[in-house]
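One structure is given below, encoded as structure tokens.
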2 protein chains.
Amino acid sequence: MPAPLELLIESLRCLPGVGPKSAQRMAYHLLQRDRNGAKRLAGALDDALARLRHCSRCNSFTEAEVCERCASAARDPQLLCVVEMPADLAMMEQAHAYRGLYYVLMGRISPLDGIGPRELKLDRLLARATDGVVQEVILATNFTNEGEATAHYVGEMLRARGLKVSRLARGVPVGGELEHTDVGTIAQAMVERRSL
Amino acid sequence: MPAPLELLIESLRCLPGVGPKSAQRMAYHLLQRDRNGAKRLAGALDDALARLRHCSRCNSFTEAEVCERCASAARDPQLLCVVEMPADLAMMEQAHAYRGLYYVLMGRISPLDGIGPRELKLDRLLARATDGVVQEVILATNFTNEGEATAHYVGEMLRARGLKVSRLARGVPVGGELEHTDVGTIAQAMVERRSL
């Protein structure tokens with residue numbers, strides 16, 4: 001196999017979920033059927049690496065020192081919503097139920113992957129949340145084991161500094177039928193029932 | 001979303017089997033956890049695009065005008081084995097049962113994907129096979145519907161020029177137990193049984 005082809009296949013394996021067979025398939029596809037796509041991808045990678053950095057306020061990706069959202073005067077600076085990834089932030093925004101600011105962890109506490117509070121740089125979140133303006137931190141990490149553990153850890157950390165901390169509600173999904181809802185969710189919805 | 005991030009996600013979608021969700025996951029992974037991998041990938045793409053071309057004899061990827069295999073004097077130039085992809089060529093070589101030359105189609109006839117004889121540039125194979133040296137063409141396309149259709153088409157084309165054409169044998173895999181072999185394969189193995 002020619003060296004540039006071998007190197008390309010090897011390099012494609014840095015993509016998550018791509019093993020030796022798919023890397024080979026991808027390389028042949030790019031070289032044979034989509035050279036323009038390959039050229040565009042190489043450029044986009046270089047460009048993104050050079051131009052994107054973390055917003056000094058919310059930790060999400062941005063081209064400026066502070067991203068547009070964090071710089072916006074239309075947002076309530078007293079509310080800070082903590083999410084795992086930028087995709088979660090996008091979902092929150094699409095829900096149109098929140099007008100405060102965000103902090104993106106860029107991950108979650110995951111001992112199996114060697115990601116603890118230090119790797120997540122939770123001291124940066126702590127500094128952000130204790131700026132004297134933020135009054136309430138809303139934990140919107142996922143409701144997976146790792147997301148729950150992260151919410152627990154972050155919650156304890158921030159409550160110790162006297163901040164008000166809340167968590168997205170658990171319960172039956174909107175439009176959900178009890179018959180098709182898992183029993184763990186139903187149990188939580190019962191424990192956390194609201195008085196009307 | 002910042003423009004370079006959006007462009008990177010969009011560009012990753014040129015990879016086969018990568019939809020919007022995985023493209024997003026890949027982009028975050030590269031930017032957050034594997035910037036070196038991303039840099040290496042961008043370089044490998046540029047490098048491969050610039051340095052790789054098709055061997056003028058076998059149509060596989062090479063850096064030279066004619067690849068090492070085609071230039072080798074140790075190969076029997078009277079035999080030409082036709083495979084779909086370089087990965088198939090690699091498997092044939094690992095089988096150590098063939099010492100002739102190859103022609104790599106870089107695909108297969110696939111009407112649903114709009115790939116016919118013209119898109120596969122079968123005229124190049126025709127020119128290669130009718131160089132006056134090749135005596136026998138062995139069709140080693142896959143035994144899928146598309147691979148069989150390709151073998152049929154190529155076989156007819158070459159036999160019309162008076163070339164001897166053969167096809168890899170179908171049958172029960174080596175080490176295979178009849179109980180665990182599909183009936184279509186068993187039927188073929190019966191039809192194509194060899195006298196001992």
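Letters A, B, ... mark the chains of the structure tokens in the order given; residue numbers begin at 1 per chain; ligand numbers begin at 1, in order shown.
Shell of Leu168 (chain A) at 12 Å, with only C-alpha atoms counted and residues fewer than 5 places along the chain excluded, is Cys81, Val82, Val83, Met92, Ala97, Tyr98, Val137, Ile138, Leu139, Ala140, Thr141, Asn142, Phe143, Gly147, Glu148, Ala151 and Glu192 of chain A.
Interface residues on chain B toward chain A (cut-off 6 Å, only C-alpha atoms): Pro2, Pro4, Leu8, Ser11, Cys14, Leu15, Met26, Gly37, Leu41, Ala42, Ala44, Leu45, Ala48 and Thr62 of chain B.
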*Using DSSP on the backbone, list every residue of region 9-175 of chain A that comes out as helix (DSSP H, G or I), and give them as a ChimeraX atom specification.*
/A:9-12,20-33,35-51,68-71,86-94,111-113,122-129,145-159
*Surrounding residues of Ile109 (chain B) excluding itself and chain neighbours under 3 positions, 6 Å, only C-alpha atoms, as a ChimeraX atom specification*: /B:115-116,150
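Backbone DSSP over chain A gives strand (DSSP E) for Arg53, His54, Phe61, Thr62, Asp76, Pro77, Gln78, Leu79, Leu80, Cys81, Val82, Val83, Gly100, Leu101, Tyr102, Tyr103, Val104, Glu136, Val137, Ile138, Leu139, Lys164, Val165, Ser166 and Arg167 of chain A.
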*Polymer residues at most 10 Å from region 181-189 of chain A, only C-alpha atoms, same-chain spacing of 3 or more positions, as a ChimeraX atom specification*: /A:169-173,176-178,192-194
Leaving out Val66 (chain A) and any residue of its chain fewer than 5 positions from it, which residues lie within 9 Å of it when counting only C-alpha atoms, given as a PDB file with all heavy atoms, in the first residue's frame?
```pdb
ATOM      1  N   HIS A  54     -12.241  28.299  23.158  1.00  0.00           N
ATOM      2  CA  HIS A  54     -13.316  28.230  24.135  1.00  0.00           C
ATOM      3  C   HIS A  54     -13.684  29.622  24.603  1.00  0.00           C
ATOM      4  O   HIS A  54     -12.807  30.429  24.937  1.00  0.00           O
ATOM      5  CB  HIS A  54     -12.875  27.381  25.321  1.00  0.00           C
ATOM      6  CG  HIS A  54     -12.696  25.937  24.974  1.00  0.00           C
ATOM      7  ND1 HIS A  54     -13.758  25.097  24.762  1.00  0.00           N
ATOM      8  CD2 HIS A  54     -11.594  25.195  24.766  1.00  0.00           C
ATOM      9  CE1 HIS A  54     -13.311  23.890  24.463  1.00  0.00           C
ATOM     10  NE2 HIS A  54     -11.996  23.926  24.442  1.00  0.00           N
ATOM     11  N   CYS A  55     -14.984  29.908  24.637  1.00  0.00           N
ATOM     12  CA  CYS A  55     -15.473  31.165  25.184  1.00  0.00           C
ATOM     13  C   CYS A  55     -15.001  31.265  26.627  1.00  0.00           C
ATOM     14  O   CYS A  55     -15.136  30.318  27.406  1.00  0.00           O
ATOM     15  CB  CYS A  55     -16.996  31.197  25.112  1.00  0.00           C
ATOM     16  SG  CYS A  55     -17.740  32.572  25.989  1.00  0.00           S
ATOM     17  N   SER A  56     -14.460  32.408  27.007  1.00  0.00           N
ATOM     18  CA  SER A  56     -13.928  32.548  28.360  1.00  0.00           C
ATOM     19  C   SER A  56     -15.038  32.573  29.403  1.00  0.00           C
ATOM     20  O   SER A  56     -14.781  32.425  30.589  1.00  0.00           O
ATOM     21  CB  SER A  56     -13.082  33.823  28.465  1.00  0.00           C
ATOM     22  OG  SER A  56     -13.907  34.949  28.234  1.00  0.00           O
ATOM     23  N   ARG A  57     -16.281  32.731  28.967  1.00  0.00           N
ATOM     24  CA  ARG A  57     -17.402  32.752  29.901  1.00  0.00           C
ATOM     25  C   ARG A  57     -18.124  31.400  29.943  1.00  0.00           C
ATOM     26  O   ARG A  57     -18.272  30.824  31.008  1.00  0.00           O
ATOM     27  CB  ARG A  57     -18.401  33.840  29.511  1.00  0.00           C
ATOM     28  CG  ARG A  57     -17.777  35.235  29.406  1.00  0.00           C
ATOM     29  CD  ARG A  57     -18.037  36.073  30.621  1.00  0.00           C
ATOM     30  NE  ARG A  57     -19.442  36.428  30.757  1.00  0.00           N
ATOM     31  CZ  ARG A  57     -19.972  36.855  31.901  1.00  0.00           C
ATOM     32  NH1 ARG A  57     -19.238  36.942  32.991  1.00  0.00           N
ATOM     33  NH2 ARG A  57     -21.246  37.178  31.951  1.00  0.00           N
ATOM     34  N   CYS A  58     -18.534  30.873  28.777  1.00  0.00           N
ATOM     35  CA  CYS A  58     -19.378  29.674  28.794  1.00  0.00           C
ATOM     36  C   CYS A  58     -18.614  28.406  28.412  1.00  0.00           C
ATOM     37  O   CYS A  58     -19.159  27.311  28.505  1.00  0.00           O
ATOM     38  CB  CYS A  58     -20.594  29.843  27.882  1.00  0.00           C
ATOM     39  SG  CYS A  58     -20.198  29.763  26.135  1.00  0.00           S
ATOM     40  N   ALA A  71     -22.222  37.550  25.428  1.00  0.00           N
ATOM     41  CA  ALA A  71     -22.083  39.008  25.336  1.00  0.00           C
ATOM     42  C   ALA A  71     -23.435  39.698  25.195  1.00  0.00           C
ATOM     43  O   ALA A  71     -23.520  40.928  25.301  1.00  0.00           O
ATOM     44  CB  ALA A  71     -21.191  39.367  24.146  1.00  0.00           C
TER      45      ALA A  71
END
```
